[in-house]
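J.: After the C-alpha cells below, expect a handful of questions from me.
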Amino acid sequence: RDTGEGIAPDVLAKLFRPFSQGRPSSGGTGLGLAISSRLASIMGGTMWAESEVGKGSTFYFTLQVRSMHCLHWFLCHILLCTDLHLLCC
C-alpha cells in the first residue's frame with residue numbers, strides 16, 4: 001500500500017489495458033501493468049488494484065504455483081528483476 005495521491009475510479013477501470021497510464025506525464029509506455037496482469041493470467045492468477053483518491057493505492061496479484069520449486073524459481077528470477085529486492089536463492 002502506498003500513501004500517494006490515489007487513482008480515480010475512471011482511470012483505475014482501464015489501468016491494466018495496454019498503453020493506458022494513470023498519469024500520462026509519468027513518461028512510461030503504459031505497458032507495465034498490462035504485461036504484469038497478462039503474466040498473472042498465464043500463471044492461473046489475476047491482478048487488481050484498489051485505490052482511494054487522496055489516500056493511496058494497493059496492488060494485488062495471485063498465482064497458481066504447482067510446487068515450492070516453482071515458487072522459488074518465480075521469486076528468484078521474476079521478482080528479483082523488480083524493485084522488490086527479495087532475498088532468496
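By convention in this document, the chains of the C-alpha cells carry letters A, B, ... by their order, each chain's residues are numbered from 1, and ligands are numbered from 1 in the order they are shown.
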So which residues touch region 57-69 of chain A within 8 Å, counting only C-alpha atoms, skipping near sequence neighbours fewer than 4 positions away, as a PyMOL selection string?
T.: chain A and resi 1-4+6-7+40-41+43-52+73
J.: Create the file for the chosen residues now, containing C-alpha atoms and written as a compact mmCIF listing (two decimals), in the first residue's frame.
T.:
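Saved result, again12.txt, follows:
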```txt
# COMPACT_ATOMS: atom_id res chain seq x y z
CA ARG A 1 0.00 0.00 0.00
CA ASP A 2 1.28 3.42 -0.86
CA THR A 3 0.16 6.75 0.51
CA GLY A 4 0.31 8.65 -2.77
CA GLY A 6 -4.53 7.60 -5.34
CA ILE A 7 -6.18 6.75 -8.65
CA ALA A 40 -0.52 -13.37 -13.75
CA SER A 41 -3.31 -14.63 -16.01
CA MET A 43 0.06 -18.42 -14.44
CA GLY A 44 -3.56 -19.07 -13.47
CA GLY A 45 -3.98 -15.95 -11.36
CA THR A 46 -5.20 -12.41 -11.55
CA MET A 47 -4.05 -8.89 -10.78
CA TRP A 48 -6.06 -5.96 -9.50
CA ALA A 49 -5.78 -2.68 -7.63
CA GLU A 50 -7.75 -0.83 -5.01
CA SER A 51 -7.38 2.91 -4.68
CA GLU A 52 -8.85 5.89 -2.95
CA TRP A 73 12.10 -20.01 -9.24
```
J.: Give the answer as one residue: which of A:Leu33, A:Cys76, A:Val53, A:Leu71 has the shortest atom-to-atom distance to Ala8 (chain A), using only C-alpha atoms?
T.: A:Val53
J.: Can you tell me, as a list in words, what residues are no more than 8 Å from Thr29 (chain A) when counting only C-alpha atoms, ignoring any on the same chain fewer than 5 positions away?
T.: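 In the requested form, the answer reads Phe19, Ser20 and Gln21 of chain A.
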J.: CA of Ser37 (chain A) and CA of Arg23 (chain A), how far apart in Å?
T.: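 Between these atoms lies a distance of 18.5 Å.
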J.: Quote the spacing between CA of Gly32 (chain A) and CA of Lys55 (chain A) in Å to one decimal place.
T.: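 According to the coordinates, CA of Gly32 (chain A) and CA of Lys55 (chain A) are separated by 22.6 Å.
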J.: Tell me, which residues of region 17-78 of chain A carry DSSP alpha helix (DSSP H), written as JSON, numbers by chain?
T.: {"A": [32, 33, 34, 35, 36, 37, 38, 39, 40, 41, 42, 68, 69, 70, 71, 72, 73, 74, 75, 76, 77]}
J.: Take the selection from the previous step and output its residues with N, CA and C atoms, as a tab-separated table (two decimals), in the first residue's frame.
T.:
```tsv
chain	number	residue	atom	x	y	z
A	32	GLY	N	3.52	-1.69	-18.53
A	32	GLY	CA	3.96	-2.45	-17.36
A	32	GLY	C	2.86	-3.21	-16.65
A	33	LEU	N	1.77	-2.56	-16.32
A	33	LEU	CA	0.68	-3.23	-15.62
A	33	LEU	C	-0.06	-4.19	-16.55
A	34	ALA	N	-0.17	-3.85	-17.82
A	34	ALA	CA	-0.81	-4.76	-18.78
A	34	ALA	C	-0.02	-6.06	-18.90
A	35	ILE	N	1.29	-5.95	-18.99
A	35	ILE	CA	2.14	-7.14	-19.08
A	35	ILE	C	2.08	-7.93	-17.78
A	36	SER	N	2.16	-7.25	-16.66
A	36	SER	CA	2.09	-7.93	-15.35
A	36	SER	C	0.77	-8.67	-15.19
A	37	SER	N	-0.32	-8.03	-15.58
A	37	SER	CA	-1.64	-8.65	-15.48
A	37	SER	C	-1.73	-9.88	-16.38
A	38	ARG	N	-1.18	-9.78	-17.58
A	38	ARG	CA	-1.19	-10.90	-18.52
A	38	ARG	C	-0.36	-12.07	-17.99
A	39	LEU	N	0.80	-11.79	-17.41
A	39	LEU	CA	1.64	-12.84	-16.83
A	39	LEU	C	0.91	-13.54	-15.68
A	40	ALA	N	0.25	-12.76	-14.84
A	40	ALA	CA	-0.52	-13.37	-13.75
A	40	ALA	C	-1.60	-14.28	-14.31
A	41	SER	N	-2.27	-13.83	-15.38
A	41	SER	CA	-3.31	-14.63	-16.01
A	41	SER	C	-2.75	-15.92	-16.60
A	42	ILE	N	-1.62	-15.84	-17.27
A	42	ILE	CA	-0.98	-17.02	-17.84
A	42	ILE	C	-0.64	-18.03	-16.76
A	68	MET	N	6.83	-25.92	-4.54
A	68	MET	CA	7.70	-24.93	-3.90
A	68	MET	C	8.86	-24.59	-4.81
A	69	HIS	N	9.31	-25.55	-5.63
A	69	HIS	CA	10.40	-25.28	-6.57
A	69	HIS	C	9.97	-24.19	-7.55
A	70	CYS	N	8.73	-24.30	-8.05
A	70	CYS	CA	8.23	-23.28	-8.98
A	70	CYS	C	8.14	-21.92	-8.29
A	71	LEU	N	7.67	-21.92	-7.05
A	71	LEU	CA	7.57	-20.66	-6.31
A	71	LEU	C	8.95	-20.06	-6.11
A	72	HIS	N	9.92	-20.88	-5.73
A	72	HIS	CA	11.28	-20.40	-5.53
A	72	HIS	C	11.85	-19.82	-6.82
A	73	TRP	N	11.64	-20.51	-7.95
A	73	TRP	CA	12.10	-20.01	-9.24
A	73	TRP	C	11.46	-18.67	-9.55
A	74	PHE	N	10.15	-18.57	-9.34
A	74	PHE	CA	9.45	-17.32	-9.61
A	74	PHE	C	10.02	-16.18	-8.77
A	75	LEU	N	10.21	-16.42	-7.49
A	75	LEU	CA	10.73	-15.37	-6.61
A	75	LEU	C	12.13	-14.94	-7.03
A	76	CYS	N	12.97	-15.90	-7.35
A	76	CYS	CA	14.36	-15.58	-7.68
A	76	CYS	C	14.55	-14.97	-9.06
A	77	HIS	N	13.79	-15.41	-10.04
A	77	HIS	CA	14.05	-14.99	-11.41
A	77	HIS	C	13.09	-13.92	-11.93
```
J.: Quick one: distance from CA of Gly30 (chain A) to CA of Asp10 (chain A) in Å, one decimal?
T.: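 One can read the CA of Gly30 (chain A) to CA of Asp10 (chain A) distance as 15.8 Å.
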